[in-house]
Amino acid sequence: MYYKELLRVLRALKNMAIVYVVIDLVYAAFLIFANAQGHLQLPKPSDHVSLSLGALFAICAFAALFPATAYGCSLAAENDGHLALAWTKPASRVRYALTVMSVDAAGIVAAFALTFVLLLLPELGMVGVLRYLSAGPSVVLEAIRHLAVPLAWFALCQALTASLRCNARMVAGVSVLPAIVLAMLAGAPLPGAWHQAFHALGYINPLAYWAGFEVNGSGASANDLMTFALPVGDATLVALVLIYAALAIVQWRRLEA
Amino acid sequence: MNATDMAVISVKNLSKRYGRIIAASDVTFDIPKGSIFGLLGTNGAGKTTTFKCMLGLARADSGMVLLGGAPLRPKTFEELSYVPETSALYDWMTGRDHLEFTRRAFRRYAAGRARELLELFGLDPMRKAGKLSKGQQSALALTMAFSIRPRMLVLDEPSSGLDPLHQRHVLDLMIDAAAGGATVLFSSHQIGQVERAADHVAILHQGKIVVQGEVDQLKASEKIVEATFDPHVPALDGLDADPNVRRVMRNGRMIRAFVRGNADEVARRINVASPTSIRVLDQNLEDIFVAAVGAQASSAAGREV
């Protein structure tokens, strides 16, 4: 059952890789041009530049949100005239849905890795700052924590679209905006009741868990851009993934072709 | 052992409503092993709904379905192929991708058989499904269905969009599959196809089965006395009331009487009125269909058949 979804995911990843390579080439051309003009200033060891791996993971997580939104409509895509094919395979609907979603999730992980390997490493390497990269005590845990955001967003998109026959991509795409606004409001200094309401909503909004970074005047630093006063609850994110995925499957298996 | 015990596909009292519309009402039939069962009906008669309810693609309001002697479960599809009326293929996938998808999902998939079928239908496996014509999409769906060597086949309008040559191939495939022990259930608008391939038939009308049985028995159950008069058909007193005459159709200068039992006696009575021609005919499936769905459906059937 996984084959069809694997083809879809691989196709999307291929396109993503092409885009990244093009960006790398454009960036390299830009650097060559800037260097020729004498405008390129690379950091020197005396600059004390510190680049956190977590910050890079946050960018990877952000980039992975795009495929997560697209893959988040994979069950809805089956509803659009393909259920007669999907549901006449020798597998239960739950197993079929889990298989499709697992392949999508693997695609999101691959997109995360692809962003790191094909976009961030070459770009940072070209400006010579890779040597300043510092990792925390647990790189893997940190990567997983950041990965959980696009995965939870993917599961939320599935839950929102699993029962739709068409317009699923539009619904998932449009959902990004209110999710970002709600995430910002979750951490905004609003008066009492409003703060509590948006804060509570933040707990079920995967985007509220995304930790960005900002580059300050003295160089790159790993500051949280969106803190939203929420703890980065790993367990909560994992729970969100599971709950939204379960909601999606419950809806999808009850549909009629 | 009763018919249900021997049946590979058994449908009992299947009913399904969509709001106020009754799509299937108390549909009951049994299909013995190795049979080809044709389901006939006008548009909206309930054929597709019946198939969907049988295969769990739609939830029946009531009724029971046994496939291979057991209720539907995921494992049933190891041995059952379904070809829906409208294409369920993925437009962005090639024919080869679809066959690979099938190969990975079904243990009974036979690559050699798939290649034969691609050749039979003249399909290019490298073309995307979205670029195929409706007939080619049907052919690809049929290739997928037959390539797993199913023991049960449920085909909803399988030759839809196919040219006459490939329609013939589809009938041959069904007959071949049945000869090999598979049980085939198919629907069609084309009565000639059903007559040629099916050994059992059911006619659905407004969600209900109005006629069903073995094709040969149904055809033998009645004779048609057809007479032509000039300038018009006379009154023929008492013909309609004759207990052996099930139905009389008058159409311009022609009269057709559907007779159970001795048709010669009815022919003799009509002959008294001096027709310009008279003959006794065996009824065909089209006659049975038209008689079953009534005058209202006959005009629609005439267009589609």
# chains A, B, ... in the order shown; residues from 1 in each chain; ligands from 1
>>> residues_around(residues="range 148-163 of chain B", least_positions_apart="3", cutoff="7 Å", atoms="only C-alpha atoms", output="list in words")
Thr48, Glu79, Leu80, Ser81, Tyr82, Val83, Pro84, Glu85, Phe106, Arg108, Tyr109, Ala110, Lys134, Gly135, Ser138, Ala145, His166, Gln167, Val170, Ala182, Thr183, Val184, Leu185, Phe186, Ser187 and Ser188 of chain B
>>> closest_atom_pairs(of="chain A", to="chain B", cutoff="8 Å", atoms="only C-alpha atoms", output="Markdown table")
| residue | atom | partner | partner_atom | distance |
| --- | --- | --- | --- | --- |
| A:Met1 | CA | B:Ala105 | CA | 5.8 |
| A:Tyr3 | CA | B:Phe101 | CA | 5.8 |
| A:Lys4 | CA | B:Phe101 | CA | 6.2 |
| A:Gly81 | CA | B:Ala88 | CA | 5.5 |
| A:His82 | CA | B:Ala88 | CA | 4.5 |
| A:Leu83 | CA | B:Ala88 | CA | 7.2 |
| A:Ala84 | CA | B:Ala88 | CA | 6.2 |
| A:Leu85 | CA | B:Ala88 | CA | 5.8 |
| A:Trp87 | CA | B:Leu57 | CA | 7.2 |
| A:Thr88 | CA | B:Phe77 | CA | 5.9 |
| A:Lys89 | CA | B:Phe77 | CA | 5.7 |
| A:Pro90 | CA | B:Pro74 | CA | 4.7 |
| A:Ala91 | CA | B:Pro74 | CA | 4.9 |
| A:Ser92 | CA | B:Pro74 | CA | 5.3 |
| A:Leu255 | CA | B:Ala58 | CA | 7.9 |
| A:Glu256 | CA | B:Ala58 | CA | 4.7 |
| A:Ala257 | CA | B:Leu57 | CA | 5.1 |
>>> residues_around(residues="Ala263 in chain B", least_positions_apart="4", cutoff="12 Å", atoms="only C-alpha atoms", output="VMD selection string")
chain B and resid 220 to 226 242 to 246 256 to 259 267 to 270 278 to 283
>>> write_last_selection(atoms="C-alpha atoms", output="PDB file, in the first residue's frame")
ATOM      1  CA  ALA B 220     -37.501 -20.150 -22.403  1.00  0.00           C
ATOM      2  CA  SER B 221     -40.149 -19.081 -19.929  1.00  0.00           C
ATOM      3  CA  GLU B 222     -42.095 -17.055 -22.452  1.00  0.00           C
ATOM      4  CA  LYS B 223     -42.713 -16.845 -26.190  1.00  0.00           C
ATOM      5  CA  ILE B 224     -43.638 -13.786 -28.154  1.00  0.00           C
ATOM      6  CA  VAL B 225     -46.389 -13.798 -30.736  1.00  0.00           C
ATOM      7  CA  GLU B 226     -45.713 -10.900 -33.059  1.00  0.00           C
ATOM      8  CA  ASP B 242     -56.074 -14.563 -21.442  1.00  0.00           C
ATOM      9  CA  PRO B 243     -54.334 -16.027 -18.375  1.00  0.00           C
ATOM     10  CA  ASN B 244     -51.478 -17.286 -20.555  1.00  0.00           C
ATOM     11  CA  VAL B 245     -50.847 -13.847 -21.982  1.00  0.00           C
ATOM     12  CA  ARG B 246     -48.728 -11.945 -19.502  1.00  0.00           C
ATOM     13  CA  ARG B 256     -46.698  -8.354 -29.494  1.00  0.00           C
ATOM     14  CA  ALA B 257     -48.136 -10.761 -26.970  1.00  0.00           C
ATOM     15  CA  PHE B 258     -45.869 -12.259 -24.303  1.00  0.00           C
ATOM     16  CA  VAL B 259     -47.143 -15.746 -23.724  1.00  0.00           C
ATOM     17  CA  ALA B 267     -51.168 -17.189 -32.435  1.00  0.00           C
ATOM     18  CA  ARG B 268     -54.245 -19.003 -33.753  1.00  0.00           C
ATOM     19  CA  ARG B 269     -56.536 -16.506 -32.001  1.00  0.00           C
ATOM     20  CA  ILE B 270     -54.640 -13.538 -33.452  1.00  0.00           C
ATOM     21  CA  ILE B 278     -47.566 -13.382 -37.817  1.00  0.00           C
ATOM     22  CA  ARG B 279     -44.728 -15.278 -36.168  1.00  0.00           C
ATOM     23  CA  VAL B 280     -43.866 -16.901 -32.840  1.00  0.00           C
ATOM     24  CA  LEU B 281     -40.508 -15.833 -31.423  1.00  0.00           C
ATOM     25  CA  ASP B 282     -38.300 -16.858 -28.541  1.00  0.00           C
ATOM     26  CA  GLN B 283     -37.875 -13.876 -26.309  1.00  0.00           C
TER      27      GLN B 283
END
>>> closest_residue(among="B:Asn43, B:Ser35, B:Gly207, B:Leu120", to="Ile21 in chain B", atoms="only C-alpha atoms")
B:Gly207
>>> select_by_dssp(residues="range 17-239 of chain B", states="alpha helix (DSSP H)", output="ChimeraX atom specification")
/B:47-54,95-105,111-121,134-147,164-179,191-197,215-220
